[in-house]
$ cat model_12.cif   # mmCIF, C-alpha atoms
data_target
loop_
_atom_site.label_atom_id
_atom_site.label_comp_id
_atom_site.auth_asym_id
_atom_site.auth_seq_id
_atom_site.Cartn_x
_atom_site.Cartn_y
_atom_site.Cartn_z
CA MET A 1 0.00 0.00 0.00
CA LYS A 2 2.73 2.41 1.03
CA LEU A 3 4.68 1.56 -2.11
CA LYS A 4 1.66 2.39 -4.27
CA TYR A 5 1.48 5.94 -2.92
CA LEU A 6 5.23 6.39 -3.05
CA ASN A 7 5.07 5.40 -6.72
CA LEU A 8 2.24 7.86 -7.24
CA PHE A 9 4.28 10.65 -5.66
CA LEU A 10 7.36 9.79 -7.71
CA PHE A 11 5.25 9.63 -10.85
CA LEU A 12 3.88 13.12 -10.10
CA CYS A 13 7.40 14.52 -9.62
CA LEU A 14 8.68 12.82 -12.76
CA ALA A 15 5.68 14.09 -14.72
CA TYR A 16 6.43 17.68 -13.69
CA LEU A 17 10.11 17.27 -14.53
CA GLY A 18 9.30 15.60 -17.84
CA ILE A 19 6.87 18.33 -18.87
CA GLY A 20 9.41 20.96 -17.81
CA ILE A 21 12.17 19.39 -19.91
CA LEU A 22 9.81 18.92 -22.88
CA THR A 23 8.74 22.57 -22.65
CA GLN A 24 12.37 23.72 -22.59
CA GLU A 25 13.22 21.62 -25.64
CA LEU A 26 10.12 22.26 -27.75
CA LEU A 27 9.76 25.96 -27.00
CA ASN A 28 13.53 26.71 -26.97
CA SER A 29 13.16 28.60 -23.74
CA GLU A 30 16.91 29.01 -23.24
CA GLN A 31 17.33 30.65 -26.63
CA LEU A 32 14.33 32.82 -25.90
CA LEU A 33 15.90 33.86 -22.59
CA ALA A 34 19.18 34.68 -24.34
CA GLU A 35 17.43 36.76 -27.01
CA THR A 36 15.43 38.68 -24.43
CA LEU A 37 18.42 39.31 -22.21
CA LEU A 38 20.53 40.48 -25.17
CA GLU A 39 18.06 43.32 -25.67
CA GLN A 40 18.81 44.59 -22.21
CA PHE A 41 22.26 43.35 -21.27
CA THR A 42 25.66 43.00 -22.86
CA ARG A 43 26.75 39.71 -24.44
CA ASP A 44 29.16 38.89 -21.61
CA GLN A 45 26.48 39.44 -19.00
CA VAL A 46 24.05 37.20 -20.87
CA ILE A 47 26.62 34.43 -21.22
CA SER A 48 27.30 34.68 -17.50
CA VAL A 49 23.57 34.37 -16.70
CA LEU A 50 23.09 31.38 -19.00
CA ARG A 51 26.15 29.68 -17.58
CA PHE A 52 24.82 30.21 -14.07
CA ASN A 53 21.45 28.72 -15.08
CA ARG A 54 23.08 25.66 -16.58
CA ASP A 55 25.37 25.13 -13.59
CA TRP A 56 22.49 25.24 -11.12
CA LYS A 57 19.84 23.44 -13.17
CA TRP A 58 20.38 20.24 -11.16
CA LEU A 59 19.03 22.08 -8.10
CA THR A 60 15.56 22.20 -9.75
CA TYR A 61 15.54 18.43 -10.02
CA VAL A 62 16.51 18.04 -6.37
CA LEU A 63 14.17 20.69 -5.00
CA LEU A 64 11.05 19.69 -6.92
CA PRO A 65 10.20 16.51 -4.94
CA ILE A 66 11.01 18.31 -1.67
CA VAL A 67 8.73 21.22 -2.54
CA MET A 68 5.97 18.85 -3.72
CA LEU A 69 6.23 16.85 -0.52
CA LEU A 70 6.07 20.00 1.60
CA LYS A 71 3.11 21.32 -0.38
CA ILE A 72 1.08 18.11 -0.17
CA SER A 73 1.90 17.60 3.53
CA LEU A 74 0.93 21.17 4.37
CA ILE A 75 -2.35 21.05 2.45
CA ALA A 76 -3.22 17.73 4.08
CA LYS A 77 -2.57 19.24 7.50
CA ILE A 78 -4.64 22.31 6.66
CA ILE A 79 -7.61 20.15 5.66
CA ASP A 80 -7.06 18.11 8.83
CA VAL A 81 -7.50 21.33 10.79
CA GLY A 82 -10.62 22.08 8.75
CA ALA A 83 -12.06 18.66 9.62
CA PHE A 84 -11.18 19.29 13.27
CA PHE A 85 -13.61 22.23 13.22
CA ILE A 86 -16.53 19.92 12.46
CA ASP A 87 -15.27 17.44 15.06
CA LYS A 88 -14.32 14.84 12.49
CA GLU A 89 -11.14 12.86 12.85
CA ILE A 90 -9.46 11.70 9.68
CA SER A 91 -6.25 9.76 9.45
CA TYR A 92 -3.47 12.04 8.20
CA LYS A 93 -2.26 9.28 5.88
CA LYS A 94 -5.65 9.21 4.13
CA LEU A 95 -5.65 12.99 3.82
CA PHE A 96 -2.15 12.93 2.36
CA THR A 97 -3.16 10.41 -0.30
CA THR A 98 -6.33 12.43 -1.03
CA VAL A 99 -4.30 15.57 -1.66
CA LEU A 100 -1.68 13.63 -3.63
CA LYS A 101 -4.31 12.27 -6.00
CA ALA A 102 -5.90 15.71 -6.42
CA GLU A 103 -2.50 17.28 -7.25
CA PHE A 104 -2.47 15.53 -10.61
CA ILE A 105 -5.01 18.03 -11.94
CA PHE A 106 -2.33 20.74 -11.86
CA LEU A 107 -0.29 18.79 -14.42
CA LEU A 108 -2.81 19.94 -17.02
CA ALA A 109 -1.65 23.57 -16.61
CA PRO A 110 1.93 23.16 -17.90
CA ILE A 111 0.65 20.74 -20.56
CA GLY A 112 -1.92 23.32 -21.64
CA LYS A 113 0.78 25.98 -21.73
CA LEU A 114 3.02 23.80 -23.90
CA VAL A 115 0.20 22.98 -26.31
CA TRP A 116 -0.82 26.66 -26.51
CA PHE A 117 2.62 27.94 -27.39
CA TYR A 118 3.57 25.03 -29.63
CA TYR A 119 0.42 24.94 -31.74
CA MET A 120 -1.55 28.17 -31.28
CA GLN A 121 0.53 31.18 -30.27
CA THR A 122 3.79 30.24 -31.98
CA ASP A 123 5.03 33.83 -32.08
CA PHE A 124 5.72 34.42 -28.42
CA ASP A 125 8.36 36.05 -26.28
CA LEU A 126 9.71 35.37 -22.81
CA ASP A 127 7.15 37.66 -21.23
CA ASP A 128 4.32 35.60 -22.76
CA LEU A 129 5.91 32.36 -21.58
CA GLN A 130 6.32 33.61 -18.02
CA LYS A 131 2.98 35.29 -17.57
CA PHE A 132 0.58 33.10 -19.50
CA TYR A 133 -1.40 30.59 -17.43
CA PRO A 134 -4.08 28.54 -19.17
CA LEU A 135 -7.71 29.00 -18.16
CA SER A 136 -6.91 31.65 -15.57
CA LEU A 137 -8.09 35.17 -14.79
CA ILE A 138 -4.92 36.62 -16.32
CA ASN A 139 -6.08 35.50 -19.76
CA ILE A 140 -9.19 37.65 -19.35
CA THR A 141 -7.45 40.74 -17.97
CA GLY A 142 -4.38 40.41 -20.18
CA TYR A 143 -0.88 40.87 -18.82
CA GLU A 144 0.60 43.65 -20.91
CA ASN A 145 1.49 46.67 -18.79
CA LEU A 146 0.24 44.84 -15.72
CA GLU A 147 2.03 45.54 -12.44
CA ALA A 148 4.24 42.64 -11.37
CA TRP A 149 2.46 42.06 -8.10
CA TYR A 150 -0.88 41.43 -9.88
CA ILE A 151 0.49 38.55 -11.94
CA TYR A 152 0.52 35.75 -9.37
CA PRO A 153 -2.96 36.43 -7.91
CA LEU A 154 -4.50 36.49 -11.38
CA GLN A 155 -2.69 33.28 -12.35
CA ALA A 156 -3.70 31.57 -9.10
CA ILE A 157 -7.40 32.07 -9.83
CA ASN A 158 -7.90 29.45 -12.53
CA VAL A 159 -10.14 26.58 -13.57
CA PHE A 160 -7.66 23.93 -12.38
CA GLU A 161 -7.77 25.38 -8.88
CA ILE A 162 -11.56 25.11 -8.85
CA ILE A 163 -11.44 21.53 -10.11
CA TYR A 164 -8.84 20.82 -7.41
CA TRP A 165 -11.22 22.09 -4.76
CA ILE A 166 -14.01 19.92 -6.18
CA ILE A 167 -11.81 16.82 -6.23
CA LEU A 168 -10.65 17.44 -2.66
CA SER A 169 -14.24 17.99 -1.51
CA TYR A 170 -15.44 14.86 -3.26
CA GLN A 171 -12.64 12.75 -1.76
CA LEU A 172 -13.26 14.23 1.67
CA LYS A 173 -16.97 13.49 1.35
CA LYS A 174 -16.18 9.80 0.84
CA LEU A 175 -13.61 9.72 3.65
CA VAL A 176 -15.73 11.34 6.33
CA ASN A 177 -19.15 10.25 5.09
CA ILE A 178 -20.68 13.72 4.92
CA ASN A 179 -22.55 15.49 2.14
CA PHE A 180 -20.66 17.31 -0.64
CA ASN A 181 -21.71 20.78 0.47
CA LYS A 182 -20.27 20.28 3.93
CA SER A 183 -17.01 18.86 2.60
CA PHE A 184 -16.72 21.78 0.15
CA ILE A 185 -17.17 24.22 3.02
CA ILE A 186 -14.38 22.45 4.95
CA VAL A 187 -12.05 22.68 1.94
CA MET A 188 -12.98 26.29 1.22
CA SER A 189 -12.64 27.47 4.80
CA SER A 190 -9.36 25.67 5.47
CA TYR A 191 -7.43 25.33 2.22
CA GLY A 192 -9.21 28.28 0.58
CA LEU A 193 -8.35 30.62 3.44
CA CYS A 194 -4.73 29.48 3.52
CA LEU A 195 -4.48 29.91 -0.25
CA PHE A 196 -5.79 33.45 0.16
CA ILE A 197 -3.18 34.15 2.85
CA TRP A 198 -0.48 32.65 0.61
CA ILE A 199 -1.52 34.85 -2.33
CA ILE A 200 -1.41 37.99 -0.18
CA ALA A 201 2.03 36.97 1.14
CA VAL A 202 3.36 36.48 -2.41
CA MET A 203 1.86 39.85 -3.42
CA PHE A 204 3.62 41.50 -0.48
CA PHE A 205 7.00 39.98 -1.34
CA THR A 206 6.61 40.81 -5.04
CA LEU A 207 5.72 44.41 -4.16
CA ASN A 208 8.82 44.74 -2.03
CA MET A 209 11.07 43.26 -4.68
CA ASN A 210 9.84 45.68 -7.36
CA MET B 1 19.37 24.68 35.56
CA PHE B 2 18.34 21.39 34.00
CA ILE B 3 15.86 20.76 36.81
CA TYR B 4 14.32 24.19 36.09
CA LEU B 5 14.19 23.45 32.37
CA ASP B 6 12.53 20.13 33.07
CA TYR B 7 9.97 21.88 35.30
CA CYS B 8 9.21 24.44 32.56
CA CYS B 9 8.74 21.66 30.00
CA ASN B 10 6.34 19.83 32.31
CA VAL B 11 4.30 22.99 32.92
CA PHE B 12 4.17 23.74 29.20
CA TYR B 13 3.19 20.16 28.34
CA THR B 14 0.42 20.11 30.97
CA LYS B 15 -0.99 23.42 29.71
CA TYR B 16 -0.70 22.15 26.10
CA GLU B 17 -2.62 18.98 26.97
CA LEU B 18 -5.27 21.02 28.77
CA MET B 19 -5.57 23.29 25.75
CA MET B 20 -5.83 20.35 23.33
CA SER B 21 -8.50 18.76 25.47
CA ASN B 22 -10.48 21.99 25.43
CA LYS B 23 -11.39 22.03 21.74
CA LYS B 24 -13.50 25.14 21.91
CA HIS B 25 -10.57 27.31 23.00
CA LEU B 26 -8.32 25.71 20.43
CA LYS B 27 -10.76 26.41 17.61
CA LYS B 28 -11.10 30.02 18.73
CA GLY B 29 -7.32 30.25 18.91
CA ILE B 30 -6.88 28.95 15.35
CA ILE B 31 -9.52 31.35 13.99
CA LEU B 32 -7.88 34.23 15.84
CA ILE B 33 -4.45 33.38 14.44
CA ALA B 34 -5.85 33.14 10.90
CA VAL B 35 -7.60 36.50 11.25
CA ILE B 36 -4.49 38.17 12.67
CA ILE B 37 -2.27 36.81 9.88
CA THR B 38 -4.73 37.83 7.16
CA ALA B 39 -5.23 41.30 8.63
CA THR B 40 -1.49 41.85 9.12
CA LEU B 41 -0.60 40.78 5.60
CA SER B 42 -3.41 42.86 4.08
CA TYR B 43 -2.25 45.88 6.06
CA LEU B 44 1.35 45.34 4.94
CA VAL B 45 0.32 45.10 1.28
CA ILE B 46 -1.84 48.25 1.45
CA ASN B 47 0.85 50.12 3.39
CA THR B 48 3.55 49.13 0.90
CA LEU B 49 1.35 50.15 -2.03
CA ASP B 50 0.69 53.55 -0.48
CA ARG B 51 4.37 54.06 0.23
CA LYS B 52 5.32 53.18 -3.35
CA GLN B 53 2.67 55.52 -4.71
CA ASP B 54 3.98 58.35 -2.53
CA ILE B 55 7.52 57.70 -3.67
CA SER B 56 6.38 57.61 -7.28
CA GLU B 57 4.67 60.99 -6.83
CA ASN B 58 7.77 62.46 -5.17
CA LEU B 59 9.96 61.34 -8.04
CA LYS B 60 7.78 62.82 -10.81
CA ASN B 61 9.65 66.08 -10.45
CA LEU B 62 13.32 66.24 -9.58
CA PRO B 63 13.41 65.97 -5.81
CA THR B 64 15.71 67.98 -3.57
CA LEU B 65 18.52 65.58 -2.87
CA LYS B 66 21.07 66.18 -0.14
CA LEU B 67 24.27 65.50 -1.98
CA LYS B 68 27.87 66.56 -1.70
CA ASP B 69 30.68 66.36 -4.20
CA LEU B 70 34.02 64.77 -3.39
CA ASP B 71 35.36 68.12 -2.11
CA ASN B 72 32.63 68.00 0.50
CA ASN B 73 30.72 70.90 -1.05
CA ILE B 74 26.97 70.82 -1.37
CA PHE B 75 26.00 69.60 -4.81
CA LYS B 76 22.78 70.99 -6.29
CA ILE B 77 21.36 68.90 -9.11
CA GLU B 78 18.78 71.62 -9.84
CA ASP B 79 21.62 73.87 -11.07
CA ILE B 80 22.46 71.47 -13.88
CA GLU B 81 20.81 72.26 -17.17
CA GLY B 82 19.60 69.91 -19.86
CA LEU B 83 18.83 66.20 -19.58
CA LYS B 84 19.97 64.57 -16.39
CA VAL B 85 20.55 60.90 -15.68
CA LEU B 86 20.78 60.18 -11.98
CA VAL B 87 22.34 56.81 -11.38
CA TYR B 88 22.48 55.32 -7.92
CA ILE B 89 25.59 53.15 -7.71
CA ASN B 90 27.90 51.10 -5.60
CA THR B 91 31.56 51.16 -6.66
CA GLU B 92 31.85 47.40 -6.07
CA CYS B 93 28.95 46.61 -8.40
CA GLY B 94 30.11 45.19 -11.73
CA TYR B 95 26.86 46.12 -13.45
CA CYS B 96 27.41 49.77 -12.42
CA GLU B 97 30.73 49.75 -14.22
CA ASP B 98 29.05 48.31 -17.33
CA GLN B 99 26.35 50.94 -16.97
CA PHE B 100 28.91 53.73 -17.14
CA ASN B 101 30.21 52.27 -20.43
CA GLU B 102 26.66 52.36 -21.78
CA LEU B 103 26.15 55.90 -20.50
CA SER B 104 29.32 56.97 -22.33
CA LEU B 105 27.79 55.56 -25.53
CA LEU B 106 24.54 57.33 -24.77
CA LYS B 107 26.29 60.67 -24.44
CA GLU B 108 27.58 60.30 -28.00
CA LYS B 109 24.01 60.00 -29.26
CA VAL B 110 22.10 62.40 -27.01
CA ASN B 111 23.01 66.06 -26.64
CA ASN B 112 23.06 68.15 -23.53
CA LEU B 113 23.12 65.18 -21.19
CA SER B 114 24.62 65.14 -17.69
CA ILE B 115 25.26 62.03 -15.64
CA ILE B 116 25.09 62.33 -11.87
CA ALA B 117 26.23 59.23 -10.03
CA ILE B 118 25.09 58.97 -6.43
CA SER B 119 26.54 56.66 -3.82
CA SER B 120 26.04 56.13 -0.10
CA GLN B 121 29.52 54.77 0.38
CA ASP B 122 32.26 56.39 2.39
CA ILE B 123 33.77 59.44 0.70
CA ASN B 124 37.29 57.99 0.85
CA ILE B 125 36.18 54.95 -1.13
CA LEU B 126 34.56 57.26 -3.68
CA LYS B 127 37.69 59.42 -3.94
CA LYS B 128 39.78 56.33 -4.64
CA TYR B 129 37.23 55.16 -7.22
CA TYR B 130 37.22 58.61 -8.85
CA GLN B 131 41.00 58.57 -9.22
CA ASN B 132 40.88 55.26 -11.11
CA SER B 133 37.85 56.10 -13.22
CA SER B 134 38.10 57.80 -16.61
CA PHE B 135 34.32 58.24 -16.84
CA PHE B 136 34.16 61.02 -14.26
CA LYS B 137 37.09 62.91 -15.74
CA SER B 138 34.74 64.08 -18.46
CA ASN B 139 32.71 67.29 -18.09
CA SER B 140 29.07 66.85 -17.16
CA ASN B 141 29.75 63.52 -15.43
CA PHE B 142 29.55 63.94 -11.70
CA LEU B 143 30.23 61.64 -8.78
CA THR B 144 28.39 62.61 -5.63
CA TYR B 145 27.65 61.08 -2.31
CA ASP B 146 24.52 60.89 -0.22
CA TYR B 147 25.78 62.24 3.10
CA THR B 148 22.49 61.63 4.92
CA TYR B 149 22.32 57.96 3.79
CA GLN B 150 18.60 58.50 3.27
CA ILE B 151 18.17 58.52 -0.50
CA SER B 152 17.93 54.76 -0.92
CA THR B 153 15.29 54.52 1.84
CA ASP B 154 13.36 57.63 0.83
CA PHE B 155 13.17 56.62 -2.81
CA ASP B 156 12.94 52.87 -2.44
CA ILE B 157 16.23 52.17 -4.15
CA GLU B 158 17.16 48.60 -3.33
CA SER B 159 19.60 47.62 -6.02
CA THR B 160 22.30 49.15 -8.16
CA PRO B 161 22.47 50.57 -10.72
CA HIS B 162 19.20 52.45 -10.43
CA LEU B 163 18.56 55.14 -13.04
CA LEU B 164 16.29 58.16 -13.01
CA ILE B 165 16.13 60.30 -16.14
CA TYR B 166 14.89 63.88 -15.95
CA ASN B 167 14.30 66.25 -18.86
CA GLU B 168 15.30 69.94 -19.07
CA ASN B 169 12.25 70.93 -17.03
CA ASN B 170 13.18 68.47 -14.29
CA HIS B 171 10.25 66.17 -15.03
CA LEU B 172 10.84 62.45 -14.78
CA ILE B 173 11.09 60.79 -18.19
CA SER B 174 11.96 57.28 -17.11
CA GLN B 175 13.11 55.13 -14.25
CA ASN B 176 15.05 51.89 -14.58
CA LYS B 177 15.98 49.41 -11.90
CA GLY B 178 19.10 47.59 -12.96
CA PHE B 179 21.40 47.69 -15.94
CA ILE B 180 20.09 49.04 -19.25
CA LYS B 181 21.79 49.27 -22.61
CA ALA B 182 22.52 52.61 -24.28
CA ASP B 183 20.24 52.05 -27.26
CA LYS B 184 17.30 51.16 -25.00
CA LEU B 185 17.93 54.32 -22.96
CA GLU B 186 18.19 56.38 -26.15
CA GLU B 187 14.90 54.91 -27.35
CA LYS B 188 13.18 55.81 -24.08
CA ILE B 189 14.57 59.36 -24.05
CA LYS B 190 13.74 60.14 -27.68
CA LYS B 191 10.27 58.57 -27.44
CA LEU B 192 9.27 60.48 -24.34
CA ILE B 193 10.77 63.80 -25.41
CA LYS B 194 8.54 63.68 -28.52
#
$ encode --input "model_12.cif" --output "structure tokens"
Amino acid sequence: MKLKYLNLFLFLCLAYLGIGILTQELLNSEQLLAETLLEQFTRDQVISVLRFNRDWKWLTYVLLPIVMLLKISLIAKIIDVGAFFIDKEISYKKLFTTVLKAEFIFLLAPIGKLVWFYYMQTDFDLDDLQKFYPLSLINITGYENLEAWYIYPLQAINVFEIIYWIILSYQLKKLVNINFNKSFIIVMSSYGLCLFIWIIAVMFFTLNMN
Amino acid sequence: MFIYLDYCCNVFYTKYELMMSNKKHLKKGIILIAVIITATLSYLVINTLDRKQDISENLKNLPTLKLKDLDNNIFKIEDIEGLKVLVYINTECGYCEDQFNELSLLKEKVNNLSIIAISSQDINILKKYYQNSSFFKSNSNFLTYDYTYQISTDFDIESTPHLLIYNENNHLISQNKGFIKADKLEEKIKKLIK
């Protein structure tokens, strides 16, 4: 049983890494970065940046599973606290696996991005690649001339996030044997609130960095 | 000391167990913490936004900066005519050095342009830097120092180089955080002067 969920977690991490590598190769993101940087910086500076990126690329591969593990553990704990408010006790292990399964929905976002830029908007620049997020609020508002600290909140409000909430609520409903509305309220009031706090925190740090 | 530490741990653990057994208080505590965090973060975001807006307003027209030249005389930017590029620097910053090269190129393309470099470093470091620098030997290139050490805080300057470009009427044309190439600067100046 444990091995099954470990495999699921590893598969999730590998899927993210695989999509990331595929995106880099198919969309030539490194070349795009070089071209964009050359508009602003000297050739030597750009070479230095690209070299730095290449030297430290391995860190992404190491950090990704750690970050994923932290994220899933934290969300599981947050929902545990939410369940505590309605006096329901759920095994943390079950919550962890619930959140792990729901996380797979977010794989569709980078896939959607890759498909969009490879087949539909083939004439794109680095700004497009960084700011575009499929099926999110930022696609409605647009991102040209948008202040940097607006970007993340508008990206975070997307269809995948809503589906994620629905999947979590549905799984929780089965775990705790309550109706869907109640489980959705638990997810919204625990995870939803923490997501809101997280978005404000990111906004604050972005504001200070700009 | 260890006996005291052990006593403190026991007291804490007993109180923790009491708290955990009293779910009502714990729930109220969690809600309170969430409200405090949300309110604090929201306040910080709004406060930062207001501060940035104020700074932006203050920079629209050339502000009165308390600067001195390397002879320790008060330096008045307002007395300089024509286009002015204020560049906040640190002498140890490699990008600042590259920026000066770009500014030299810019001066070949744009007329009546003065470069005023501002640093918060010690005047002795700046004097040494000035001696080794050919950039500041030219007329209309000035190296000044912020003797109050307030400019970076007052104008939210967190990295170097940081450029502020003012036209002949001392109105802000453009602001750039970080290095920028001469042709990009030229583009910005010519576009906004039109």
$ closest_residue --input "model_12.cif" --among "B:Ser119, B:Val110, B:Ile180, B:Asp156" --to "B:Leu49" --atoms "only C-alpha atoms"
B:Asp156
$ atom_distance --input "model_12.cif" --atom1 "atom CA of A:Thr60" --atom2 "atom CA of A:Gly20"
10.2 Å
$ closest_atom_pairs --input "model_12.cif" --of "chain B" --to "chain A" --cutoff "12 Å" --atoms "all atoms listed in the file" --output "tab-separated table"
residue	atom	partner	partner_atom	distance
B:Met20	CA	A:Phe84	CA	11.4
B:Lys23	CA	A:Phe85	CA	8.8
B:Lys24	CA	A:Phe85	CA	9.2
B:His25	CA	A:Phe85	CA	11.4
B:Leu26	CA	A:Phe85	CA	9.6
B:Lys27	CA	A:Phe85	CA	6.7
B:Lys28	CA	A:Phe85	CA	9.9
B:Gly29	CA	A:Phe85	CA	11.7
B:Ile30	CA	A:Val81	CA	8.9
B:Ile31	CA	A:Phe85	CA	10.0
B:Ile33	CA	A:Cys194	CA	11.6
B:Ala34	CA	A:Leu193	CA	8.3
B:Val35	CA	A:Ile197	CA	9.8
B:Ile36	CA	A:Ile197	CA	10.7
B:Ile37	CA	A:Ile197	CA	7.6
B:Thr38	CA	A:Ile197	CA	5.9
B:Ala39	CA	A:Ile197	CA	9.4
B:Thr40	CA	A:Ala201	CA	10.0
B:Leu41	CA	A:Ala201	CA	6.4
B:Ser42	CA	A:Ile200	CA	6.8
B:Tyr43	CA	A:Phe204	CA	9.8
B:Leu44	CA	A:Phe204	CA	7.0
B:Val45	CA	A:Phe204	CA	5.2
B:Ile46	CA	A:Phe204	CA	8.9
B:Asn47	CA	A:Phe204	CA	9.8
B:Thr48	CA	A:Leu207	CA	7.3
B:Leu49	CA	A:Leu207	CA	7.5
B:Asp50	CA	A:Leu207	CA	11.1
B:Arg51	CA	A:Asn208	CA	10.6
B:Lys52	CA	A:Leu207	CA	8.8
B:Gln53	CA	A:Leu207	CA	11.5
B:Gly94	CA	A:Gln45	CA	10.0
B:Tyr95	CA	A:Gln45	CA	8.7
B:Asp98	CA	A:Thr42	CA	8.4
B:Gln99	CA	A:Phe41	CA	9.6
B:Asn101	CA	A:Thr42	CA	10.6
B:Glu102	CA	A:Thr42	CA	9.5
B:Asp156	CA	A:Asn208	CA	9.1
B:Ile157	CA	A:Asn210	CA	9.7
B:Glu158	CA	A:Met209	CA	8.2
B:Ser159	CA	A:Met209	CA	9.7
B:His162	CA	A:Asn210	CA	12.0
B:Asn176	CA	A:Asn210	CA	10.9
B:Lys177	CA	A:Asn210	CA	8.5
B:Gly178	CA	A:Gln40	CA	9.7
B:Phe179	CA	A:Phe41	CA	6.9
B:Ile180	CA	A:Gln40	CA	5.5
B:Lys181	CA	A:Gln40	CA	5.6
B:Ala182	CA	A:Gln40	CA	9.1
B:Asp183	CA	A:Gln40	CA	9.1
B:Lys184	CA	A:Gln40	CA	7.3
B:Leu185	CA	A:Gln40	CA	9.8
$ write_last_selection --input "model_12.cif" --atoms "C-alpha atoms" --output "CSV table (one decimal), in the frame of the given file"
chain,number,residue,atom,x,y,z
B,20,MET,CA,-5.8,20.4,23.3
B,23,LYS,CA,-11.4,22.0,21.7
B,24,LYS,CA,-13.5,25.1,21.9
B,25,HIS,CA,-10.6,27.3,23.0
B,26,LEU,CA,-8.3,25.7,20.4
B,27,LYS,CA,-10.8,26.4,17.6
B,28,LYS,CA,-11.1,30.0,18.7
B,29,GLY,CA,-7.3,30.2,18.9
B,30,ILE,CA,-6.9,29.0,15.4
B,31,ILE,CA,-9.5,31.4,14.0
B,33,ILE,CA,-4.4,33.4,14.4
B,34,ALA,CA,-5.8,33.1,10.9
B,35,VAL,CA,-7.6,36.5,11.2
B,36,ILE,CA,-4.5,38.2,12.7
B,37,ILE,CA,-2.3,36.8,9.9
B,38,THR,CA,-4.7,37.8,7.2
B,39,ALA,CA,-5.2,41.3,8.6
B,40,THR,CA,-1.5,41.8,9.1
B,41,LEU,CA,-0.6,40.8,5.6
B,42,SER,CA,-3.4,42.9,4.1
B,43,TYR,CA,-2.2,45.9,6.1
B,44,LEU,CA,1.4,45.3,4.9
B,45,VAL,CA,0.3,45.1,1.3
B,46,ILE,CA,-1.8,48.2,1.4
B,47,ASN,CA,0.8,50.1,3.4
B,48,THR,CA,3.6,49.1,0.9
B,49,LEU,CA,1.4,50.2,-2.0
B,50,ASP,CA,0.7,53.6,-0.5
B,51,ARG,CA,4.4,54.1,0.2
B,52,LYS,CA,5.3,53.2,-3.4
B,53,GLN,CA,2.7,55.5,-4.7
B,94,GLY,CA,30.1,45.2,-11.7
B,95,TYR,CA,26.9,46.1,-13.4
B,98,ASP,CA,29.0,48.3,-17.3
B,99,GLN,CA,26.4,50.9,-17.0
B,101,ASN,CA,30.2,52.3,-20.4
B,102,GLU,CA,26.7,52.4,-21.8
B,156,ASP,CA,12.9,52.9,-2.4
B,157,ILE,CA,16.2,52.2,-4.2
B,158,GLU,CA,17.2,48.6,-3.3
B,159,SER,CA,19.6,47.6,-6.0
B,162,HIS,CA,19.2,52.4,-10.4
B,176,ASN,CA,15.0,51.9,-14.6
B,177,LYS,CA,16.0,49.4,-11.9
B,178,GLY,CA,19.1,47.6,-13.0
B,179,PHE,CA,21.4,47.7,-15.9
B,180,ILE,CA,20.1,49.0,-19.2
B,181,LYS,CA,21.8,49.3,-22.6
B,182,ALA,CA,22.5,52.6,-24.3
B,183,ASP,CA,20.2,52.0,-27.3
B,184,LYS,CA,17.3,51.2,-25.0
B,185,LEU,CA,17.9,54.3,-23.0
$ residues_around --input "model_12.cif" --residues "A:Lys173" --least-positions-apart "5" --cutoff "8 Å" --atoms "all atoms listed in the file" --output "list in words"
Ile178, Asn179, Phe180, Lys182 and Ser183 of chain A
$ axis_aligned_box --input "model_12.cif" --around "stretch 3-18 of chain A" --padding-each-side "5 Å" --output "AutoDock Vina command-line options"
--center_x 5.8 --center_y 9.6 --center_z -10.0 --size_x 18.6 --size_y 26.1 --size_z 25.7
$ closest_residue --input "model_12.cif" --among "B:Lys84, B:Lys191, B:Lys76, B:Lys60" --to "B:Lys107" --atoms "only C-alpha atoms"
B:Lys84
$ resolve_selection --input "model_12.cif" --expression "the PyMOL selection byres ((chain A and resi 95) around 9)" --output "list in words"
Ser73, Ile75, Ala76, Lys77, Ile79, Asp80, Ile90, Ser91, Tyr92, Lys93, Lys94, Phe96, Thr97, Thr98, Val99, Leu100, Gln171, Leu172 and Leu175 of chain A
